[in-house]
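Structure data (PDB, C-alpha atoms) from structure24.pdb:
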```pdb
ATOM      1  CA  MET A  22     125.018 103.290  90.033
ATOM      2  CA  ILE A  23     121.424 103.350  91.247
ATOM      3  CA  SER A  24     119.324 106.206  89.923
ATOM      4  CA  HIS A  25     115.998 107.631  91.002
ATOM      5  CA  GLU A  26     114.591 106.622  87.613
ATOM      6  CA  LEU A  27     115.633 102.985  88.083
ATOM      7  CA  LEU A  28     114.116 102.763  91.553
ATOM      8  CA  LYS A  29     110.913 104.399  90.361
ATOM      9  CA  SER A  30     110.586 101.821  87.576
ATOM     10  CA  ILE A  31     110.743  98.819  89.948
ATOM     11  CA  THR A  32     107.615  96.928  90.914
ATOM     12  CA  ILE A  33     107.599  94.166  93.520
ATOM     13  CA  ARG A  34     106.131  90.967  92.100
ATOM     14  CA  LYS A  35     103.517  89.247  94.231
ATOM     15  CA  ASN A  36     104.188  85.993  92.393
ATOM     16  CA  PRO A  37     108.021  85.794  92.373
ATOM     17  CA  ILE A  38     108.426  83.454  89.419
ATOM     18  CA  ALA A  39     112.187  84.012  89.214
ATOM     19  CA  GLN A  40     112.646  83.155  92.899
ATOM     20  CA  LYS A  41     110.609  79.983  92.463
ATOM     21  CA  ALA A  42     112.621  78.917  89.428
ATOM     22  CA  PHE A  43     115.930  79.708  91.068
ATOM     23  CA  ALA A  44     114.888  77.712  94.159
ATOM     24  CA  LYS A  45     114.778  74.599  91.970
ATOM     25  CA  VAL A  46     118.346  75.277  90.822
ATOM     26  CA  LEU A  47     119.458  75.747  94.408
ATOM     27  CA  GLY A  48     117.876  72.415  95.309
ATOM     28  CA  PHE A  49     120.360  70.680  92.998
ATOM     29  CA  SER A  50     123.225  72.694  94.472
ATOM     30  CA  TYR A  51     122.381  71.585  98.000
ATOM     31  CA  ALA A  52     121.912  67.947  96.980
ATOM     32  CA  PHE A  53     124.930  67.481  94.698
ATOM     33  CA  PRO A  54     127.827  66.831  94.459
ATOM     34  CA  SER A  55     128.353  66.980  98.234
ATOM     35  CA  ARG A  56     125.156  67.255 100.214
ATOM     36  CA  THR A  57     124.548  70.511 102.061
ATOM     37  CA  ASN A  58     122.565  69.940 105.233
ATOM     38  CA  ILE A  59     120.361  72.950 106.005
ATOM     39  CA  ILE A  60     119.014  73.081 109.557
ATOM     40  CA  VAL A  61     116.391  75.644 110.515
ATOM     41  CA  GLU A  62     115.351  76.015 114.151
ATOM     42  CA  GLY A  63     112.420  78.161 115.240
ATOM     43  CA  TRP A  64     110.125  78.294 112.218
ATOM     44  CA  GLU A  65     107.277  79.094 114.607
ATOM     45  CA  ASN A  66     108.856  82.483 115.319
ATOM     46  CA  ILE A  67     108.229  83.789 111.804
ATOM     47  CA  PRO A  68     104.747  85.326 111.643
ATOM     48  CA  ASP A  69     102.338  84.411 108.868
ATOM     49  CA  THR A  70     102.045  88.121 108.169
ATOM     50  CA  PRO A  71     104.969  89.974 106.499
ATOM     51  CA  CYS A  72     107.830  91.173 108.690
ATOM     52  CA  PHE A  73     111.482  92.193 108.600
ATOM     53  CA  LEU A  74     114.045  89.388 108.862
ATOM     54  CA  ALA A  75     117.397  90.506 110.316
ATOM     55  CA  MET A  76     120.318  88.158 109.625
ATOM     56  CA  ASN A  77     124.085  88.215 110.081
ATOM     57  CA  HIS A  78     126.044  88.270 106.827
ATOM     58  CA  THR A  79     128.995  85.861 106.781
ATOM     59  CA  ASP A  80     129.419  85.408 103.022
ATOM     60  CA  ARG A  81     127.948  86.376  99.661
ATOM     61  CA  PHE A  82     125.294  83.660  99.665
ATOM     62  CA  ASN A  83     124.403  82.897 103.277
ATOM     63  CA  TYR A  84     120.791  83.971 102.781
ATOM     64  CA  TRP A  85     120.143  81.766  99.734
ATOM     65  CA  PRO A  86     119.765  78.472 101.655
ATOM     66  CA  PHE A  87     117.364  80.204 104.042
ATOM     67  CA  GLN A  88     115.280  81.604 101.190
ATOM     68  CA  TYR A  89     115.231  78.129  99.645
ATOM     69  CA  MET A  90     113.972  76.554 102.867
ATOM     70  CA  LEU A  91     111.456  79.349 103.492
ATOM     71  CA  ALA A  92     109.915  78.755 100.070
ATOM     72  CA  LYS A  93     110.048  74.968 100.344
ATOM     73  CA  THR A  94     108.756  74.696 103.920
ATOM     74  CA  ARG A  95     106.372  77.644 104.258
ATOM     75  CA  ASN A  96     105.730  78.811 100.691
ATOM     76  CA  GLN A  97     106.892  82.292 101.718
ATOM     77  CA  TYR A  98     109.248  84.597  99.887
ATOM     78  CA  THR A  99     111.513  87.523 100.650
ATOM     79  CA  CYS A 100     112.643  90.812  99.203
ATOM     80  CA  ALA A 101     116.251  91.341 100.251
ATOM     81  CA  TRP A 102     118.078  94.643 100.602
ATOM     82  CA  VAL A 103     121.065  94.607  98.247
ATOM     83  CA  LYS A 104     123.767  97.269  97.961
ATOM     84  CA  ALA A 105     123.536  99.593  94.993
ATOM     85  CA  LYS A 106     126.997  98.639  93.728
ATOM     86  CA  TYR A 107     125.793  95.171  92.750
ATOM     87  CA  PHE A 108     123.342  96.684  90.265
ATOM     88  CA  ALA A 109     126.103  98.259  88.184
ATOM     89  CA  ASN A 110     126.489  95.142  86.045
ATOM     90  CA  PRO A 111     123.503  94.925  83.624
ATOM     91  CA  PHE A 112     123.232  91.117  83.825
ATOM     92  CA  MET A 113     123.428  91.123  87.626
ATOM     93  CA  ARG A 114     120.912  93.964  87.780
ATOM     94  CA  ARG A 115     118.369  91.987  85.745
ATOM     95  CA  PHE A 116     118.868  88.909  87.905
ATOM     96  CA  LEU A 117     118.570  90.804  91.202
ATOM     97  CA  LEU A 118     115.461  92.691  90.151
ATOM     98  CA  ALA A 119     113.810  89.546  88.767
ATOM     99  CA  CYS A 120     114.266  87.987  92.212
ATOM    100  CA  ASN A 121     112.517  90.914  93.946
ATOM    101  CA  ASN A 122     115.644  92.344  95.561
ATOM    102  CA  ILE A 123     115.485  95.961  96.697
ATOM    103  CA  PRO A 124     118.437  98.219  95.800
ATOM    104  CA  VAL A 125     119.634 100.420  98.648
ATOM    105  CA  ALA A 126     122.119 103.245  98.275
ATOM    106  CA  PRO A 127     123.789 104.222 101.557
ATOM    107  CA  LYS A 128     124.806 107.854 101.770
ATOM    108  CA  GLY A 129     128.394 106.655 101.511
ATOM    109  CA  THR A 130     127.635 105.436  97.992
ATOM    110  CA  LEU A 131     126.551 108.917  96.921
ATOM    111  CA  ILE A 132     129.497 110.581  98.640
ATOM    112  CA  THR A 133     131.901 108.263  96.827
ATOM    113  CA  LYS A 134     130.115 108.753  93.498
ATOM    114  CA  HIS A 135     130.159 112.550  93.725
ATOM    115  CA  PHE A 136     133.798 112.546  94.834
ATOM    116  CA  MET A 137     134.817 110.358  91.893
ATOM    117  CA  GLN A 138     132.919 112.578  89.459
ATOM    118  CA  LYS A 139     134.630 115.704  90.780
ATOM    119  CA  MET A 140     138.113 114.410  91.610
ATOM    120  CA  GLY A 141     138.506 111.481  89.199
ATOM    121  CA  ARG A 142     139.361 108.979  91.934
ATOM    122  CA  LYS A 143     137.959 107.341  95.026
ATOM    123  CA  PRO A 144     138.277 109.255  98.314
ATOM    124  CA  THR A 145     140.763 108.042 100.876
ATOM    125  CA  GLY A 146     139.480 106.912 104.252
ATOM    126  CA  THR A 147     140.446 110.257 105.780
ATOM    127  CA  GLU A 148     138.738 112.212 102.997
ATOM    128  CA  TYR A 149     135.571 110.147 103.264
ATOM    129  CA  ARG A 150     135.356 110.644 107.042
ATOM    130  CA  SER A 151     135.929 114.382 106.616
ATOM    131  CA  ILE A 152     133.076 114.637 104.122
ATOM    132  CA  ARG A 153     130.771 112.651 106.420
ATOM    133  CA  ASN A 154     131.700 114.877 109.346
ATOM    134  CA  TYR A 155     130.905 118.009 107.356
ATOM    135  CA  LEU A 156     127.551 116.634 106.176
ATOM    136  CA  GLN A 157     126.609 115.757 109.750
ATOM    137  CA  GLN A 158     128.025 118.711 111.639
ATOM    138  CA  GLY A 159     128.395 121.593 109.179
ATOM    139  CA  GLY A 160     130.990 124.241 109.955
ATOM    140  CA  THR A 161     133.979 124.451 107.623
ATOM    141  CA  PRO A 162     135.149 121.509 105.461
ATOM    142  CA  ALA A 163     138.519 120.056 106.472
ATOM    143  CA  ASP A 164     141.519 121.079 104.384
ATOM    144  CA  GLU A 165     141.864 117.655 102.753
ATOM    145  CA  VAL A 166     138.396 117.931 101.154
ATOM    146  CA  ALA A 167     138.391 121.666 100.374
ATOM    147  CA  ALA A 168     138.973 120.987  96.665
ATOM    148  CA  PHE A 169     135.981 118.640  96.575
ATOM    149  CA  PHE A 170     133.604 121.140  98.163
ATOM    150  CA  GLY A 171     134.985 124.093  96.204
ATOM    151  CA  GLN A 172     133.681 127.623  96.690
ATOM    152  CA  ASN A 173     130.174 126.625  97.764
ATOM    153  CA  PRO A 174     130.248 123.671 100.215
ATOM    154  CA  GLN A 175     126.583 124.171 101.106
ATOM    155  CA  GLU A 176     125.574 123.656  97.484
ATOM    156  CA  VAL A 177     127.525 120.387  97.301
ATOM    157  CA  MET A 178     125.999 119.212 100.554
ATOM    158  CA  ASN A 179     122.485 120.108  99.410
ATOM    159  CA  ARG A 180     122.999 118.230  96.153
ATOM    160  CA  ILE A 181     124.046 115.047  97.951
ATOM    161  CA  GLU A 182     121.251 115.331 100.518
ATOM    162  CA  SER A 183     118.629 115.979  97.838
ATOM    163  CA  GLU A 184     119.682 112.991  95.753
ATOM    164  CA  PHE A 185     119.774 110.799  98.856
ATOM    165  CA  ALA A 186     116.260 111.929  99.834
ATOM    166  CA  ASP A 187     114.919 111.079  96.375
ATOM    167  CA  LEU A 188     116.447 107.596  96.475
ATOM    168  CA  SER A 189     115.283 106.989 100.049
ATOM    169  CA  GLU A 190     111.705 107.896  99.161
ATOM    170  CA  GLU A 191     111.647 105.156  96.536
ATOM    171  CA  VAL A 192     113.291 102.621  98.885
ATOM    172  CA  VAL A 193     110.527 103.266 101.442
ATOM    173  CA  ARG A 194     107.924 102.776  98.709
ATOM    174  CA  LEU A 195     109.439  99.458  97.637
ATOM    175  CA  ASN A 196     109.561  98.183 101.214
ATOM    176  CA  LYS A 197     105.922  99.082 101.781
ATOM    177  CA  GLU A 198     104.991  97.474  98.484
ATOM    178  CA  ALA A 199     106.822  94.271  99.458
ATOM    179  CA  LEU A 200     104.975  94.038 102.760
ATOM    180  CA  ASP A 201     101.662  94.874 101.115
ATOM    181  CA  VAL A 202     101.925  91.986  98.642
ATOM    182  CA  GLY A 203     102.848  89.567 101.429
ATOM    183  CA  HIS A 204     106.637  89.176 101.286
ATOM    184  CA  HIS A 205     109.077  89.294 104.183
ATOM    185  CA  ILE A 206     111.959  91.765 103.869
ATOM    186  CA  LEU A 207     115.438  90.373 104.508
ATOM    187  CA  ILE A 208     118.079  92.799 105.789
ATOM    188  CA  PHE A 209     121.681  92.464 106.962
ATOM    189  CA  PRO A 210     122.067  95.185 109.632
ATOM    190  CA  GLN A 211     125.868  94.775 109.642
ATOM    191  CA  GLY A 212     125.939  96.446 106.238
ATOM    192  CA  THR A 213     128.874  94.367 104.964
ATOM    193  CA  ARG A 214     130.015  90.761 105.063
ATOM    194  CA  SER A 215     131.863  89.667 108.193
ATOM    195  CA  ILE A 216     132.441  86.277 109.814
ATOM    196  CA  ARG A 217     132.243  87.919 113.219
ATOM    197  CA  LEU A 218     129.070  89.800 114.062
ATOM    198  CA  SER A 219     129.641  93.534 114.176
ATOM    199  CA  LYS A 220     127.798  96.646 115.292
ATOM    200  CA  GLY A 221     124.630  97.167 113.251
ATOM    201  CA  HIS A 222     123.506 100.114 111.136
ATOM    202  CA  ILE A 223     120.212 101.833 111.856
ATOM    203  CA  GLY A 224     118.440 101.470 108.492
ATOM    204  CA  LEU A 225     116.468  98.406 109.583
ATOM    205  CA  ALA A 226     115.254 100.110 112.752
ATOM    206  CA  GLN A 227     114.120 103.145 110.769
ATOM    207  CA  MET A 228     112.172 101.123 108.226
ATOM    208  CA  SER A 229     110.580  98.898 110.854
ATOM    209  CA  GLN A 230     109.479 101.900 112.897
ATOM    210  CA  ARG A 231     108.164 103.712 109.831
ATOM    211  CA  LEU A 232     106.161 100.747 108.499
ATOM    212  CA  ARG A 233     105.199  99.453 111.959
ATOM    213  CA  SER A 234     106.299  95.904 111.212
ATOM    214  CA  PRO A 235     108.082  93.452 113.553
ATOM    215  CA  ILE A 236     111.727  92.390 113.292
ATOM    216  CA  VAL A 237     112.658  88.705 113.493
ATOM    217  CA  PRO A 238     116.354  88.081 114.334
ATOM    218  CA  ILE A 239     118.027  85.154 112.549
ATOM    219  CA  GLY A 240     121.477  83.745 113.238
ATOM    220  CA  CYS A 241     123.317  81.920 110.443
ATOM    221  CA  SER A 242     126.272  79.634 111.189
ATOM    222  CA  GLY A 243     128.351  77.539 108.787
ATOM    223  CA  SER A 244     127.446  79.075 105.446
ATOM    224  CA  ASP A 245     130.907  80.545 104.925
ATOM    225  CA  LEU A 246     132.328  77.008 104.978
ATOM    226  CA  CYS A 247     129.873  75.881 102.291
ATOM    227  CA  HIS A 248     130.192  78.922 100.018
ATOM    228  CA  LYS A 249     133.740  79.822  99.084
ATOM    229  CA  GLY A 250     134.476  83.100  97.328
ATOM    230  CA  SER A 251     132.141  84.217  94.564
ATOM    231  CA  ASN A 252     130.983  80.732  93.504
ATOM    232  CA  PRO A 253     127.313  80.313  94.502
ATOM    233  CA  TRP A 254     127.398  76.521  94.124
ATOM    234  CA  ALA A 255     127.440  75.079  97.660
ATOM    235  CA  LYS A 256     130.406  72.839  98.483
ATOM    236  CA  GLY A 257     128.592  70.695 101.038
ATOM    237  CA  GLY A 258     128.504  70.795 104.818
ATOM    238  CA  THR A 259     126.016  72.028 107.410
ATOM    239  CA  ILE A 260     124.360  75.425 107.620
ATOM    240  CA  THR A 261     122.327  76.220 110.713
ATOM    241  CA  TYR A 262     119.738  78.975 110.989
ATOM    242  CA  ARG A 263     118.256  79.820 114.374
ATOM    243  CA  ILE A 264     115.202  82.059 114.332
ATOM    244  CA  GLY A 265     114.569  84.206 117.385
ATOM    245  CA  ALA A 266     111.306  85.521 118.769
ATOM    246  CA  PRO A 267     109.816  88.439 116.830
ATOM    247  CA  ILE A 268     110.443  91.921 118.195
ATOM    248  CA  HIS A 269     107.191  93.796 117.737
ATOM    249  CA  ILE A 270     106.842  97.569 117.750
ATOM    250  CA  ASP A 271     105.344  97.361 121.242
ATOM    251  CA  SER A 272     107.628  94.578 122.546
ATOM    252  CA  PRO A 273     108.906  95.340 126.060
ATOM    253  CA  GLN A 274     112.557  95.537 125.012
ATOM    254  CA  ILE A 275     111.980  98.344 122.487
ATOM    255  CA  ILE A 276     108.729 100.036 123.531
ATOM    256  CA  ASN A 277     110.666 102.843 125.214
ATOM    257  CA  HIS A 278     112.519 103.511 121.963
ATOM    258  CA  GLN A 279     109.435 103.754 119.747
ATOM    259  CA  VAL A 280     109.237 106.892 117.610
ATOM    260  CA  PRO A 281     106.262 108.547 115.846
ATOM    261  CA  ALA A 282     105.415 106.836 112.558
ATOM    262  CA  ASP A 283     105.237 110.041 110.530
ATOM    263  CA  PHE A 284     109.003 110.584 110.241
ATOM    264  CA  VAL A 285     110.863 110.292 106.928
ATOM    265  CA  PRO A 286     113.338 107.373 107.077
ATOM    266  CA  PHE A 287     116.993 108.194 106.413
ATOM    267  CA  SER A 288     116.321 111.929 106.400
ATOM    268  CA  ALA A 289     118.661 114.327 108.175
ATOM    269  CA  ASN A 290     115.775 115.360 110.425
ATOM    270  CA  ALA A 291     115.071 111.761 111.461
ATOM    271  CA  GLN A 292     118.741 111.232 112.216
ATOM    272  CA  ARG A 293     118.867 114.373 114.303
ATOM    273  CA  MET A 294     115.709 113.646 116.293
ATOM    274  CA  TYR A 295     115.689 109.868 116.703
ATOM    275  CA  LYS A 296     119.195 108.539 116.064
ATOM    276  CA  ASP A 297     119.620 107.319 119.662
ATOM    277  CA  SER A 298     116.313 105.433 119.524
ATOM    278  CA  PHE A 299     117.204 103.827 116.196
ATOM    279  CA  GLN A 300     120.615 102.807 117.499
ATOM    280  CA  SER A 301     119.120 101.338 120.691
ATOM    281  CA  ILE A 302     116.693  99.212 118.666
ATOM    282  CA  THR A 303     119.518  98.127 116.378
ATOM    283  CA  ASP A 304     121.719  97.144 119.325
ATOM    284  CA  ILE A 305     118.911  95.023 120.774
ATOM    285  CA  VAL A 306     118.405  93.224 117.447
ATOM    286  CA  MET A 307     122.149  92.596 117.045
ATOM    287  CA  ASP A 308     122.395  91.246 120.593
ATOM    288  CA  GLU A 309     119.571  88.820 119.774
ATOM    289  CA  ILE A 310     121.400  87.657 116.644
ATOM    290  CA  ASN A 311     124.576  87.229 118.682
ATOM    291  CA  GLU A 312     122.783  84.724 120.907
ATOM    292  CA  LEU A 313     121.565  82.771 117.872
ATOM    293  CA  VAL A 314     124.928  82.140 116.156
ATOM    294  CA  GLU A 315     127.713  79.733 117.066
ATOM    295  CA  PRO A 316     130.710  81.172 119.015
ATOM    296  CA  PRO A 317     132.966  81.630 115.928
ATOM    297  CA  TYR A 318     130.347  84.009 114.503
ATOM    298  CA  GLN A 319     129.570  86.026 117.612
ATOM    299  CA  TYR A 320     130.762  89.568 118.301
ATOM    300  CA  SER A 321     134.442  90.285 118.036
ATOM    301  CA  LYS A 322     136.009  91.928 121.071
ATOM    302  CA  ASN A 323     135.307  95.452 119.806
ATOM    303  CA  LYS A 324     132.193  94.561 117.749
ATOM    304  CA  GLU A 325     134.142  95.518 114.655
ATOM    305  CA  SER A 326     133.682  93.954 111.220
ATOM    306  CA  ASP A 327     136.370  91.684 109.800
ATOM    307  CA  GLY A 328     135.061  92.335 106.272
ATOM    308  CA  VAL A 329     135.662  95.040 103.691
ATOM    309  CA  GLN A 330     136.097  98.517 105.152
ATOM    310  CA  GLY A 331     136.332 102.040 103.750
ATOM    311  CA  VAL A 332     134.877 103.232 100.459
ATOM    312  CA  GLU A 333     135.342  99.781  98.906
ATOM    313  CA  ARG A 334     132.062  98.906 100.644
ATOM    314  CA  PHE A 335     130.214 101.233  98.279
ATOM    315  CA  MET A 336     131.869 100.842  94.862
TER     316      MET A 336
END
```

Whole structure given in structure tokens:
Amino acid sequence: MISHELLKSITIRKNPIAQKAFAKVLGFSYAFPSRTNIIVEGWENIPDTPCFLAMNHTDRFNYWPFQYMLAKTRNQYTCAWVKAKYFANPFMRRFLLACNNIPVAPKGTLITKHFMQKMGRKPTGTEYRSIRNYLQQGGTPADEVAAFFGQNPQEVMNRIESEFADLSEEVVRLNKEALDVGHHILIFPQGTRSIRLSKGHIGLAQMSQRLRSPIVPIGCSGSDLCHKGSNPWAKGGTITYRIGAPIHIDSPQIINHQVPADFVPFSANAQRMYKDSFQSITDIVMDEINELVEPPYQYSKNKESDGVQGVERFM
């Protein structure tokens, strides 16, 4: 589990030696034994200055070929948002941090962690939704989570919110540091892997608005056919990336949703005041991605994910 101490200890490397070394390994993967053809359309849409790159997330490794091509073609590097659960394994944690990845802990991760500590098991879907509802709306906790909240629900809520605020502060710092040293930040707004594009989460919009940096939508098609399961070695085939026009803070499609830059990302106050603006920006970005992917990867009928759901997303 990600801790405040771990996040505070991380420094973004301007010269990402591990990324450069790993790119050479990936080069062999894409060349042998069956050649993987990587097509990138729209390089001109990525600014020379650092920005946020928003990509759909079809499989575990669909951003690796893009990072490889970005380094090879433009000598540019990324810091990717990676879920906190992947840092639990010490070896994986060292690898991810060496490659300049930024750990992010959604509030659902903390809810699940605190529930497991108190109850000795993961929450059910109903229990998780009840806890989220109480954190967002207050009132009285639902009967099914009364044992979790105990005699002082407000104290439990404050503990979760305080820990989340501490983690979020460090995530904002790491994102600013990444931009300051010249790296793009790669984010999957879907929040979980899904062949079909799904409704996006608002974290990207919050960070982009806070740091006043543009968002570049990228559609990835075909990677799931080249990367099967948890094996990172590409099986061969064609992966196509289409890069859309950058969406700047003052771009016409989002200018009416711009918020003041002095808010605290992910805070309860920011959610309360600007949630609709963040969601509108997110929807615009996701619609752009939808136009950049092949039909099999576009929105499902209800814009729902076909990937992992429930608390399994967090643990």

Point out the residue among A:Pro111, A:Val306, A:His269, A:Ala44 with the least atom-to-atom distance to Thr94 of chain A, counting all atoms listed in the file.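 Looking only at the distances to Thr94 of chain A, the closest residue turns out to be A:Ala44.
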
For atom CA of Met113 of chain A and atom CA of Cys241 of chain A, determine how far apart the two atoms are, in Å to one decimal place.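 Interatomic distance here is 24.6 Å.
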
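Here the PyMOL selection byres ((chain A and resi 123) around 8) captures the residues Cys100, Ala101, Trp102, Val103, Leu118, Asn121, Asn122, Pro124, Val125, Val192, Leu195 and Asn196 of chain A.
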
Test item: residues at most 8 Å from segment 23-27 of chain A, all atoms listed in the file, excluding those fewer than 2 positions along its chain, as a VMD selection string: chain A and resid 29 to 31 105 to 106 108 to 109 124 126 187 to 188 191

Suppose you want the space between atom CA of Pro210 of chain A and atom CA of Ala75 of chain A; what is it in Å?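 Value for the atom CA of Pro210 of chain A-atom CA of Ala75 of chain A distance: 6.6 Å.
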
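Between atom CA of Pro238 of chain A and atom CA of Glu309 of chain A there is a distance of 6.4 Å.
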